[in-house]
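Shown here: model-v2.pdb, PDB, C-alpha atoms.
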MODEL        1
ATOM      1  CA  LYS A 136    -293.102-172.797  18.267
ATOM      2  CA  SER A 137    -289.326-172.581  18.279
ATOM      3  CA  GLY A 138    -286.912-169.718  17.905
ATOM      4  CA  THR A 139    -287.782-166.051  17.745
ATOM      5  CA  PHE A 140    -288.950-163.699  15.039
ATOM      6  CA  PRO A 141    -286.300-161.384  13.604
ATOM      7  CA  PRO A 142    -286.461-157.756  14.710
ATOM      8  CA  LEU A 143    -288.478-155.297  12.642
ATOM      9  CA  GLU A 144    -285.360-153.579  11.368
ATOM     10  CA  LEU A 145    -284.349-156.785   9.612
ATOM     11  CA  ARG A 146    -286.253-155.628   6.511
ATOM     12  CA  SER A 147    -284.149-157.539   4.032
ATOM     13  CA  VAL A 148    -285.623-160.850   5.168
ATOM     14  CA  ALA A 149    -288.271-161.175   2.476
ATOM     15  CA  ILE A 150    -290.415-163.927   3.918
ATOM     16  CA  LEU A 151    -290.586-165.628   7.268
ATOM     17  CA  LEU A 152    -292.125-169.071   6.982
ATOM     18  CA  ILE A 153    -292.497-171.337   9.969
ATOM     19  CA  PHE A 154    -294.622-174.457   9.702
ATOM     20  CA  THR A 155    -294.613-178.123  10.559
ATOM     21  CA  ASP A 156    -293.447-180.731   8.095
ATOM     22  CA  ASN A 157    -297.060-181.874   7.575
ATOM     23  CA  PHE A 158    -297.517-178.810   5.393
ATOM     24  CA  VAL A 159    -294.949-180.133   2.937
ATOM     25  CA  ILE A 160    -296.843-183.448   2.879
ATOM     26  CA  ILE A 161    -300.088-181.609   2.174
ATOM     27  CA  ILE A 162    -298.654-179.743  -0.813
ATOM     28  CA  PHE A 163    -297.044-182.918  -2.148
ATOM     29  CA  ASN A 164    -300.298-184.881  -1.945
ATOM     30  CA  LEU A 165    -302.337-182.119  -3.540
ATOM     31  CA  TYR A 166    -300.306-182.207  -6.724
ATOM     32  CA  LYS A 167    -299.375-185.883  -6.777
ATOM     33  CA  ASN A 168    -302.860-187.283  -6.286
ATOM     34  CA  THR A 169    -306.422-186.190  -7.034
ATOM     35  CA  LYS A 170    -307.462-182.575  -7.332
ATOM     36  CA  TYR A 171    -308.742-182.334  -3.775
ATOM     37  CA  LYS A 172    -306.593-185.007  -2.115
ATOM     38  CA  LEU A 173    -305.741-184.072   1.478
ATOM     39  CA  ALA A 174    -302.897-185.430   3.541
ATOM     40  CA  SER A 175    -303.715-187.467   6.617
ATOM     41  CA  MET A 176    -305.177-184.820   8.722
ATOM     42  CA  TRP A 177    -303.581-181.697   9.550
ATOM     43  CA  ASP A 178    -302.031-181.725  12.966
ATOM     44  CA  PHE A 179    -300.882-178.432  11.786
ATOM     45  CA  LEU A 180    -299.903-174.898  12.821
ATOM     46  CA  ILE A 181    -299.014-172.135  10.430
ATOM     47  CA  ILE A 182    -297.171-169.150  11.825
ATOM     48  CA  LEU A 183    -296.357-167.561   8.473
ATOM     49  CA  ARG A 184    -296.130-163.786   8.282
ATOM     50  CA  TYR A 185    -294.868-161.601   5.456
ATOM     51  CA  ILE A 186    -292.251-158.979   6.310
ATOM     52  CA  PHE A 187    -291.413-157.283   3.038
ATOM     53  CA  ILE A 188    -293.864-158.486   0.375
ATOM     54  CA  PRO A 189    -296.298-156.154  -1.454
ATOM     55  CA  SER A 190    -299.767-156.148   0.079
ATOM     56  CA  THR A 191    -301.301-157.548  -3.109
ATOM     57  CA  MET A 192    -299.610-160.862  -2.340
ATOM     58  CA  ASN A 193    -301.828-161.181   0.747
ATOM     59  CA  ASN A 194    -305.068-160.622  -1.185
ATOM     60  CA  LEU A 195    -307.082-163.630  -2.345
ATOM     61  CA  ILE A 196    -310.216-161.770  -3.440
ATOM     62  CA  SER A 197    -309.697-162.530  -7.127
ATOM     63  CA  TYR A 198    -309.963-166.238  -6.258
ATOM     64  CA  ILE A 199    -313.489-166.001  -4.781
ATOM     65  CA  ASN A 200    -315.546-168.673  -6.541
ATOM     66  CA  ASN A 201    -319.286-168.512  -7.268
ATOM     67  CA  GLU A 202    -319.431-171.359  -9.755
ATOM     68  CA  ILE A 203    -321.765-173.341  -7.497
ATOM     69  CA  LYS A 204    -324.535-171.546  -5.629
ATOM     70  CA  PRO A 205    -324.757-172.175  -1.872
ATOM     71  CA  LEU A 206    -327.376-174.442  -0.417
ATOM     72  CA  LYS A 207    -330.422-172.648   0.963
ATOM     73  CA  HIS A 208    -331.801-173.442   4.384
ATOM     74  CA  THR A 209    -335.038-174.533   2.690
ATOM     75  CA  ASP A 210    -333.320-177.071   0.391
ATOM     76  CA  SER A 211    -333.741-180.761   1.038
ATOM     77  CA  ILE A 212    -331.007-183.043   2.320
ATOM     78  CA  ALA A 213    -331.421-184.970  -0.936
ATOM     79  CA  GLU A 214    -330.246-181.861  -2.832
ATOM     80  CA  ALA A 215    -327.224-181.579  -0.530
ATOM     81  CA  GLN A 216    -326.436-185.270  -1.077
ATOM     82  CA  ASP A 217    -326.610-184.790  -4.842
ATOM     83  CA  LEU A 218    -324.253-181.796  -4.612
ATOM     84  CA  PHE A 219    -321.613-183.861  -2.799
ATOM     85  CA  LEU A 220    -322.000-186.629  -5.374
ATOM     86  CA  ASP A 221    -321.373-184.172  -8.207
ATOM     87  CA  PHE A 222    -318.494-182.192  -6.656
ATOM     88  CA  PRO A 223    -315.452-183.345  -4.625
ATOM     89  CA  TYR A 224    -315.974-181.012  -1.653
ATOM     90  CA  THR A 225    -315.717-181.930   2.029
ATOM     91  CA  HIS A 226    -318.102-179.128   3.068
ATOM     92  CA  PHE A 227    -320.522-176.713   1.451
ATOM     93  CA  PRO A 228    -322.052-173.434   2.687
ATOM     94  CA  VAL A 229    -325.694-172.860   3.616
ATOM     95  CA  THR A 230    -327.387-169.463   3.474
ATOM     96  CA  GLU A 231    -330.640-167.937   4.691
ATOM     97  CA  ASP A 232    -331.768-164.842   2.771
ATOM     98  CA  GLY A 233    -328.204-164.358   1.543
ATOM     99  CA  ILE A 234    -326.681-164.585   5.030
ATOM    100  CA  TYR A 235    -324.248-167.388   5.787
ATOM    101  CA  ILE A 236    -325.473-169.679   8.579
ATOM    102  CA  GLY A 237    -322.959-172.518   8.426
ATOM    103  CA  CYS A 238    -321.511-175.392   6.424
ATOM    104  CA  VAL A 239    -322.839-178.897   5.994
ATOM    105  CA  SER A 240    -320.212-181.625   5.743
ATOM    106  CA  LYS A 241    -320.259-184.509   3.317
ATOM    107  CA  GLU A 242    -319.823-187.015   6.150
ATOM    108  CA  ASN A 243    -322.881-185.763   8.043
ATOM    109  CA  VAL A 244    -325.100-185.334   4.994
ATOM    110  CA  GLU A 245    -324.534-188.927   3.915
ATOM    111  CA  LEU A 246    -326.043-190.116   7.216
ATOM    112  CA  LEU A 247    -329.125-187.859   7.207
ATOM    113  CA  ASN A 248    -332.628-188.641   5.993
ATOM    114  CA  SER A 249    -332.861-187.445   2.385
ATOM    115  CA  ASP A 250    -336.449-186.264   2.961
ATOM    116  CA  ALA A 251    -335.386-183.835   5.697
ATOM    117  CA  ILE A 252    -334.853-180.109   5.153
ATOM    118  CA  VAL A 253    -331.387-178.612   5.571
ATOM    119  CA  ASN A 254    -332.673-176.123   8.137
ATOM    120  CA  GLU A 255    -333.808-178.988  10.390
ATOM    121  CA  THR A 256    -330.197-180.105  10.799
ATOM    122  CA  ARG A 257    -328.639-176.825  11.952
ATOM    123  CA  PHE A 258    -327.060-178.519  14.963
ATOM    124  CA  HIS A 259    -324.846-180.382  12.473
ATOM    125  CA  PHE A 260    -323.592-177.157  10.846
ATOM    126  CA  GLU A 261    -319.919-176.209  11.083
ATOM    127  CA  ARG A 262    -319.499-172.446  11.242
ATOM    128  CA  PHE A 263    -316.017-171.663   9.955
ATOM    129  CA  PHE A 264    -315.511-168.863   7.414
ATOM    130  CA  VAL A 265    -313.187-166.031   6.415
ATOM    131  CA  ARG A 266    -313.677-162.357   5.524
ATOM    132  CA  THR A 267    -312.555-160.653   2.333
ATOM    133  CA  SER A 268    -309.871-158.960   4.445
ATOM    134  CA  THR A 269    -308.432-162.244   5.749
ATOM    135  CA  ILE A 270    -304.887-162.788   4.478
ATOM    136  CA  TRP A 271    -304.164-166.040   2.677
ATOM    137  CA  LEU A 272    -301.999-167.394   5.492
ATOM    138  CA  ASP A 273    -304.926-167.255   7.902
ATOM    139  CA  VAL A 274    -307.241-168.673   5.227
ATOM    140  CA  LEU A 275    -304.965-171.674   4.895
ATOM    141  CA  GLU A 276    -304.780-172.153   8.654
ATOM    142  CA  ILE A 277    -308.592-172.120   9.031
ATOM    143  CA  ILE A 278    -308.962-174.610   6.172
ATOM    144  CA  ALA A 279    -306.416-176.875   7.877
ATOM    145  CA  LYS A 280    -308.024-176.705  11.307
ATOM    146  CA  ASN A 281    -311.422-177.628   9.865
ATOM    147  CA  GLU A 282    -310.091-180.393   7.605
ATOM    148  CA  SER A 283    -311.825-178.864   4.604
ATOM    149  CA  ASN A 284    -311.022-178.198   0.956
ATOM    150  CA  LEU A 285    -313.416-175.252   0.719
ATOM    151  CA  ILE A 286    -314.073-172.209   2.884
ATOM    152  CA  PRO A 287    -316.914-169.621   2.663
ATOM    153  CA  VAL A 288    -316.054-165.934   2.223
ATOM    154  CA  LEU A 289    -318.221-163.293   3.934
ATOM    155  CA  ASP A 290    -318.345-159.522   4.103
ATOM    156  CA  ASP A 291    -318.477-157.587   7.367
ATOM    157  CA  LYS A 292    -322.259-158.110   7.612
ATOM    158  CA  ASN A 293    -321.985-161.890   7.178
ATOM    159  CA  THR A 294    -323.383-161.712   3.663
ATOM    160  CA  TYR A 295    -322.217-164.720   1.692
ATOM    161  CA  LEU A 296    -319.916-163.726  -1.210
ATOM    162  CA  GLY A 297    -318.592-167.075  -2.438
ATOM    163  CA  TYR A 298    -315.909-169.536  -1.430
ATOM    164  CA  TYR A 299    -312.207-170.278  -1.752
ATOM    165  CA  GLU A 300    -311.028-173.683  -2.901
ATOM    166  CA  LEU A 301    -307.985-175.156  -1.190
ATOM    167  CA  GLU A 302    -306.282-175.715  -4.531
ATOM    168  CA  ASP A 303    -306.505-171.989  -5.347
ATOM    169  CA  VAL A 304    -304.945-171.045  -1.999
ATOM    170  CA  ILE A 305    -302.081-173.468  -2.676
ATOM    171  CA  ARG A 306    -301.703-171.987  -6.171
ATOM    172  CA  PHE A 307    -301.518-168.541  -4.598
ATOM    173  CA  PHE A 308    -298.760-169.791  -2.272
ATOM    174  CA  HIS A 309    -296.883-171.091  -5.305
ATOM    175  CA  GLU A 310    -296.642-167.517  -6.625
ATOM    176  CA  THR A 311    -294.683-166.334  -3.589
ATOM    177  CA  PRO A 312    -290.911-165.773  -3.955
ATOM    178  CA  PHE A 313    -290.263-168.714  -1.626
ATOM    179  CA  LEU A 314    -291.323-171.139  -4.349
ATOM    180  CA  LYS A 315    -291.168-169.031  -7.500
ATOM    181  CA  GLU A 316    -287.750-167.361  -7.314
ATOM    182  CA  GLU A 317    -284.573-169.208  -8.234
ATOM    183  CA  GLY A 318    -282.038-169.805  -5.493
ATOM    184  CA  GLY A 319    -280.219-172.363  -3.389
ATOM    185  CA  ILE A 320    -281.554-174.331  -0.426
ATOM    186  CA  ILE A 321    -279.655-175.163   2.760
ATOM    187  CA  ILE A 322    -280.942-177.343   5.587
ATOM    188  CA  VAL A 323    -279.223-176.790   8.922
ATOM    189  CA  GLU A 324    -279.708-178.134  12.432
ATOM    190  CA  LYS A 325    -278.981-176.797  15.902
ATOM    191  CA  GLU A 326    -280.093-177.212  19.530
ATOM    192  CA  VAL A 327    -283.474-175.612  20.139
ATOM    193  CA  ASP A 328    -282.247-173.414  22.987
ATOM    194  CA  LYS A 329    -279.319-172.120  20.896
ATOM    195  CA  PHE A 330    -281.237-171.441  17.691
ATOM    196  CA  SER A 331    -282.063-167.863  16.692
ATOM    197  CA  MET A 332    -283.926-166.777  13.566
ATOM    198  CA  SER A 333    -282.098-163.441  13.549
ATOM    199  CA  GLN A 334    -278.748-165.251  13.732
ATOM    200  CA  VAL A 335    -279.672-167.373  10.694
ATOM    201  CA  ALA A 336    -280.519-164.192   8.776
ATOM    202  CA  GLN A 337    -277.267-162.540   9.906
ATOM    203  CA  ILE A 338    -275.189-165.509   8.714
ATOM    204  CA  VAL A 339    -276.792-165.443   5.270
ATOM    205  CA  GLU A 340    -276.610-161.667   4.840
ATOM    206  CA  SER A 341    -273.021-161.424   6.074
ATOM    207  CA  ASN A 342    -272.144-163.398   2.928
ATOM    208  CA  ASN A 343    -273.911-160.886   0.659
ATOM    209  CA  ALA A 344    -276.955-163.101   0.079
ATOM    210  CA  LYS A 345    -280.657-162.597   0.796
ATOM    211  CA  ILE A 346    -283.179-164.926   2.395
ATOM    212  CA  LEU A 347    -286.141-165.702   0.131
ATOM    213  CA  GLY A 348    -287.780-167.779   2.821
ATOM    214  CA  LEU A 349    -287.191-170.158   5.694
ATOM    215  CA  PHE A 350    -289.192-172.595   7.743
ATOM    216  CA  ILE A 351    -288.752-175.008  10.624
ATOM    217  CA  SER A 352    -288.986-178.403   8.941
ATOM    218  CA  ASN A 353    -288.480-180.578  12.014
ATOM    219  CA  VAL A 354    -288.095-180.412  15.793
ATOM    220  CA  ALA A 355    -286.927-183.592  17.527
ATOM    221  CA  ASN A 356    -284.608-184.707  20.330
ATOM    222  CA  GLY A 357    -283.954-181.149  21.440
ATOM    223  CA  LYS A 358    -282.813-180.040  18.004
ATOM    224  CA  VAL A 359    -284.469-177.838  15.395
ATOM    225  CA  GLU A 360    -284.034-178.309  11.643
ATOM    226  CA  ILE A 361    -284.298-175.167   9.508
ATOM    227  CA  THR A 362    -284.753-175.113   5.733
ATOM    228  CA  ILE A 363    -283.573-171.875   4.127
ATOM    229  CA  LYS A 364    -284.015-170.674   0.557
ATOM    230  CA  ILE A 365    -281.290-168.222  -0.449
ATOM    231  CA  SER A 366    -281.106-165.825  -3.391
ATOM    232  CA  GLN A 367    -277.918-167.297  -4.823
ATOM    233  CA  SER A 368    -276.853-170.780  -5.801
ATOM    234  CA  GLY A 369    -273.177-170.462  -4.696
ATOM    235  CA  LEU A 370    -273.523-171.567  -1.098
ATOM    236  CA  ASN A 371    -270.049-172.642   0.045
ATOM    237  CA  ASP A 372    -269.170-169.487   2.031
ATOM    238  CA  ILE A 373    -272.578-169.521   3.714
ATOM    239  CA  ILE A 374    -272.236-173.202   4.573
ATOM    240  CA  GLN A 375    -268.839-172.661   6.185
ATOM    241  CA  THR A 376    -270.167-169.697   8.186
ATOM    242  CA  PHE A 377    -272.997-171.829   9.533
ATOM    243  CA  ARG A 378    -270.418-174.399  10.635
ATOM    244  CA  ARG A 379    -268.418-171.709  12.458
ATOM    245  CA  TYR A 380    -271.600-170.877  14.378
ATOM    246  CA  GLU A 381    -271.943-174.593  15.257
ATOM    247  CA  TYR A 382    -274.837-175.391  12.939
ATOM    248  CA  GLU A 383    -274.820-178.877  11.465
ATOM    249  CA  ILE A 384    -275.358-178.957   7.684
ATOM    250  CA  ILE A 385    -278.029-181.566   6.887
ATOM    251  CA  SER A 386    -278.305-180.977   3.143
ATOM    252  CA  GLU A 387    -275.589-182.101   0.732
ATOM    253  CA  HIS A 388    -273.885-179.651  -1.628
ATOM    254  CA  GLN A 389    -271.349-180.297  -4.368
ATOM    255  CA  GLU A 390    -269.574-177.013  -3.640
ATOM    256  CA  ASP A 391    -269.121-177.828   0.074
ATOM    257  CA  SER A 392    -265.327-177.391   0.348
ATOM    258  CA  TYR A 393    -265.249-178.823   3.877
ATOM    259  CA  LEU A 394    -266.757-182.146   2.817
ATOM    260  CA  ASN A 395    -264.710-182.194  -0.364
ATOM    261  CA  SER A 396    -261.569-181.748   1.710
ATOM    262  CA  LEU A 397    -262.574-184.567   4.046
ATOM    263  CA  LYS A 398    -263.220-186.805   1.062
ATOM    264  CA  GLU A 399    -259.812-186.025  -0.448
ATOM    265  CA  ARG A 400    -258.105-186.822   2.860
ATOM    266  CA  SER A 401    -260.096-190.032   3.216
ATOM    267  CA  ASP A 402    -259.175-191.085  -0.313
ATOM    268  CA  TYR A 403    -255.516-190.311   0.403
ATOM    269  CA  LEU A 404    -255.632-192.347   3.634
ATOM    270  CA  ASP A 405    -257.222-195.319   1.845
ATOM    271  CA  LYS A 406    -254.565-195.119  -0.828
ATOM    272  CA  TYR A 407    -251.795-194.977   1.801
ATOM    273  CA  LEU A 408    -253.189-197.950   3.726
ATOM    274  CA  ASN A 409    -253.406-199.997   0.543
ATOM    275  CA  ILE A 410    -249.721-199.527  -0.337
TER     276      ILE A 410
ENDMDL
END
Give the structure from this file in structure tokens form.
Amino acid sequence: KSGTFPPLELRSVAILLIFTDNFVIIIFNLYKNTKYKLASMWDFLIILRYIFIPSTMNNLISYINNEIKPLKHTDSIAEAQDLFLDFPYTHFPVTEDGIYIGCVSKENVELLNSDAIVNETRFHFERFFVRTSTIWLDVLEIIAKNESNLIPVLDDKNTYLGYYELEDVIRFFHETPFLKEEGGIIIVEKEVDKFSMSQVAQIVESNNAKILGLFISNVANGKVEITIKISQSGLNDIIQTFRRYEYEIISEHQEDSYLNSLKERSDYLDKYLNI
């Protein structure tokens, strides 16, 4: 984890997003490849927290899925094997009298005797789940840690209610202002020990713009790379302010007057040398 969270009074920062670059790979693979394609596994930490987004944006309840009934502890392993053949899930929940008791994984089920009963293999169960009150950021983190594309949803008494599919959680993320709203994107870089999230916000807002979202896209060689989505497309003043605060601009921008000036001088020098 790098940098610091902005102070509470910094209410105009709409979203704070900090995650490793593997998350970008995950999203890319989900939509480029098959419906449930996962990236090579998720050495992954999400530290995303909303600051100024309506509470409804944190609520996934409408995405609870009951299309496929959970396995019962009395079902046979053959039934579980058939389920994984029919549906592209990595895991599937098991219940006993309506109470969630764990998930069976496709990998384990494929190796088990098809004549056995699910209940006889409890020591193979994986017991991850979320509550209806769990915000979508935590849902996504639990899915990532368990390398799954499905997660059971329980009430406070551990009664099984249904499941979330990874694709629905990603779709939910797509509805956030970070991805949905129009704006410009700047990628900047600075030494880890000199980087401050509140300073980044101050630089943007001092130029009469608002942050729609930002995340740490890379940390290497003592430097941190920050990707920022800003509420306006005219970015030149913001870019120059970042330079004054000794941030290196990684992204390229047509309106970057500093680079345009350097190019003009370079062209002039080439022309002079060729006389």
Resolved residues for the PyMOL selection byres ((chain A and resi 330) around 9) as a ChimeraX atom specification = /A:137-139,324-329,331-332,334-335,358-359,382
Shell around Ile278 of chain A at 9 Å using all atoms listed in the file, local window under 5 positions removed, as a list of chain:residue names |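 Counting all atoms listed in the file, the residues come to A:Phe263, A:Phe264, A:Asp273, A:Ser283, A:Asn284, A:Leu285, A:Ile286, A:Leu301.
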Filtering to C-alpha atoms, could you give me those residues as a PDB file, in the coordinates of the input?
ATOM      1  CA  PHE A 263    -316.017-171.663   9.955  1.00  0.00           C
ATOM      2  CA  PHE A 264    -315.511-168.863   7.414  1.00  0.00           C
ATOM      3  CA  ASP A 273    -304.926-167.255   7.902  1.00  0.00           C
ATOM      4  CA  SER A 283    -311.825-178.864   4.604  1.00  0.00           C
ATOM      5  CA  ASN A 284    -311.022-178.198   0.956  1.00  0.00           C
ATOM      6  CA  LEU A 285    -313.416-175.252   0.719  1.00  0.00           C
ATOM      7  CA  ILE A 286    -314.073-172.209   2.884  1.00  0.00           C
ATOM      8  CA  LEU A 301    -307.985-175.156  -1.190  1.00  0.00           C
TER       9      LEU A 301
END
What is the distance, in Å and to one decimal place, between atom CA of Glu381 of chain A and atom CA of Gly318 of chain A?
-> 23.6 Å
Please evaluate the PyMOL selection byres ((chain A and resi 230) around 12) against the displayed coordinates and give the resulting residues as a PyMOL selection string.
-> chain A and resi 204-210+227-229+231-239+253-254+257+260+262+287-289+293-297
Writing out the chosen residues with C-alpha atoms as an mmCIF file, in the coordinates of the input:
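Just written: selection-v9.cif:
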data_model
loop_
_atom_site.group_PDB
_atom_site.id
_atom_site.type_symbol
_atom_site.label_atom_id
_atom_site.label_comp_id
_atom_site.auth_asym_id
_atom_site.auth_seq_id
_atom_site.Cartn_x
_atom_site.Cartn_y
_atom_site.Cartn_z
ATOM 1 C CA LYS A 204 -324.535 -171.546 -5.629
ATOM 2 C CA PRO A 205 -324.757 -172.175 -1.872
ATOM 3 C CA LEU A 206 -327.376 -174.442 -0.417
ATOM 4 C CA LYS A 207 -330.422 -172.648 0.963
ATOM 5 C CA HIS A 208 -331.801 -173.442 4.384
ATOM 6 C CA THR A 209 -335.038 -174.533 2.690
ATOM 7 C CA ASP A 210 -333.320 -177.071 0.391
ATOM 8 C CA PHE A 227 -320.522 -176.713 1.451
ATOM 9 C CA PRO A 228 -322.052 -173.434 2.687
ATOM 10 C CA VAL A 229 -325.694 -172.860 3.616
ATOM 11 C CA GLU A 231 -330.640 -167.937 4.691
ATOM 12 C CA ASP A 232 -331.768 -164.842 2.771
ATOM 13 C CA GLY A 233 -328.204 -164.358 1.543
ATOM 14 C CA ILE A 234 -326.681 -164.585 5.030
ATOM 15 C CA TYR A 235 -324.248 -167.388 5.787
ATOM 16 C CA ILE A 236 -325.473 -169.679 8.579
ATOM 17 C CA GLY A 237 -322.959 -172.518 8.426
ATOM 18 C CA CYS A 238 -321.511 -175.392 6.424
ATOM 19 C CA VAL A 239 -322.839 -178.897 5.994
ATOM 20 C CA VAL A 253 -331.387 -178.612 5.571
ATOM 21 C CA ASN A 254 -332.673 -176.123 8.137
ATOM 22 C CA ARG A 257 -328.639 -176.825 11.952
ATOM 23 C CA PHE A 260 -323.592 -177.157 10.846
ATOM 24 C CA ARG A 262 -319.499 -172.446 11.242
ATOM 25 C CA PRO A 287 -316.914 -169.621 2.663
ATOM 26 C CA VAL A 288 -316.054 -165.934 2.223
ATOM 27 C CA LEU A 289 -318.221 -163.293 3.934
ATOM 28 C CA ASN A 293 -321.985 -161.890 7.178
ATOM 29 C CA THR A 294 -323.383 -161.712 3.663
ATOM 30 C CA TYR A 295 -322.217 -164.720 1.692
ATOM 31 C CA LEU A 296 -319.916 -163.726 -1.210
ATOM 32 C CA GLY A 297 -318.592 -167.075 -2.438
#
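Shortest atom-to-atom contact with Phe313 of chain A among A:Leu349, A:Ala279, A:Ala215, A:Val354: A:Leu349, counting all atoms listed in the file.
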So which one's closest to Leu218 of chain A, A:Ser366, A:Ser240, A:Asn200, A:Asn371? Using all atoms listed in the file, please.
-> A:Ser240
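Residue nearest Ile385 of chain A within the list A:Leu247, A:Ile203, A:Val323, A:Leu314: A:Val323 [criterion: smallest interatomic distance, only C-alpha atoms].
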Work out how far atom CA of Tyr198 of chain A is from atom CA of Asp303 of chain A, in Å to one decimal.
-> 6.8 Å
d(atom CA of Gly319 of chain A, atom CA of Ser333 of chain A) in Å = 19.2 Å
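At a cut-off of 12 Å from (-335.7, -186.4, 3.6), the residue set is Thr209, Asp210, Ser211, Ile212, Ala213, Glu214, Ala215, Gln216, Val244, Glu245, Leu246, Leu247, Asn248, Ser249, Asp250, Ala251, Ile252, Val253, Asn254, Glu255 and Thr256 of chain A (counting all atoms listed in the file).
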Selection: 9 Å around Gln367 of chain A, only C-alpha atoms, excl. self and same-chain fewer than 3 positions, as a list in words |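 Once the nearby chain positions are removed, what remains is Glu317, Gly318, Gly319, Ala344, Lys345, Lys364 and Leu370 of chain A.
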For Ser352 of chain A, the nearest of the candidates A:Asn281, A:Glu316, A:Ile321, A:Asp372, counting only C-alpha atoms = A:Ile321
Could you write segment 235-246 of chain A as a PDB file, keeping the file's coordinate frame, with N, CA and C atoms rebuilt where they are missing?
ATOM      1  N   TYR A 235    -324.883-166.091   5.505  1.00  0.00           N
ATOM      2  CA  TYR A 235    -324.248-167.388   5.787  1.00  0.00           C
ATOM      3  C   TYR A 235    -324.643-167.878   7.179  1.00  0.00           C
ATOM      4  N   ILE A 236    -325.086-169.137   7.272  1.00  0.00           N
ATOM      5  CA  ILE A 236    -325.473-169.679   8.579  1.00  0.00           C
ATOM      6  C   ILE A 236    -324.669-170.924   8.965  1.00  0.00           C
ATOM      7  N   GLY A 237    -323.801-171.384   8.086  1.00  0.00           N
ATOM      8  CA  GLY A 237    -322.959-172.518   8.426  1.00  0.00           C
ATOM      9  C   GLY A 237    -322.656-173.387   7.223  1.00  0.00           C
ATOM     10  N   CYS A 238    -321.852-174.421   7.466  1.00  0.00           N
ATOM     11  CA  CYS A 238    -321.511-175.392   6.424  1.00  0.00           C
ATOM     12  C   CYS A 238    -322.060-176.761   6.793  1.00  0.00           C
ATOM     13  N   VAL A 239    -322.539-177.484   5.805  1.00  0.00           N
ATOM     14  CA  VAL A 239    -322.839-178.897   5.994  1.00  0.00           C
ATOM     15  C   VAL A 239    -321.631-179.688   5.501  1.00  0.00           C
ATOM     16  N   SER A 240    -321.341-180.792   6.158  1.00  0.00           N
ATOM     17  CA  SER A 240    -320.212-181.625   5.743  1.00  0.00           C
ATOM     18  C   SER A 240    -320.713-182.847   4.990  1.00  0.00           C
ATOM     19  N   LYS A 241    -319.904-183.325   4.095  1.00  0.00           N
ATOM     20  CA  LYS A 241    -320.259-184.509   3.317  1.00  0.00           C
ATOM     21  C   LYS A 241    -320.520-185.700   4.229  1.00  0.00           C
ATOM     22  N   GLU A 242    -319.676-185.872   5.247  1.00  0.00           N
ATOM     23  CA  GLU A 242    -319.823-187.015   6.150  1.00  0.00           C
ATOM     24  C   GLU A 242    -321.174-187.011   6.847  1.00  0.00           C
ATOM     25  N   ASN A 243    -321.601-185.846   7.336  1.00  0.00           N
ATOM     26  CA  ASN A 243    -322.881-185.763   8.043  1.00  0.00           C
ATOM     27  C   ASN A 243    -324.063-185.934   7.106  1.00  0.00           C
ATOM     28  N   VAL A 244    -323.982-185.291   5.941  1.00  0.00           N
ATOM     29  CA  VAL A 244    -325.100-185.334   4.994  1.00  0.00           C
ATOM     30  C   VAL A 244    -325.390-186.762   4.536  1.00  0.00           C
ATOM     31  N   GLU A 245    -324.350-187.541   4.366  1.00  0.00           N
ATOM     32  CA  GLU A 245    -324.534-188.927   3.915  1.00  0.00           C
ATOM     33  C   GLU A 245    -325.353-189.752   4.900  1.00  0.00           C
ATOM     34  N   LEU A 246    -325.350-189.348   6.175  1.00  0.00           N
ATOM     35  CA  LEU A 246    -326.043-190.116   7.216  1.00  0.00           C
ATOM     36  C   LEU A 246    -327.453-189.612   7.505  1.00  0.00           C
TER      37      LEU A 246
END
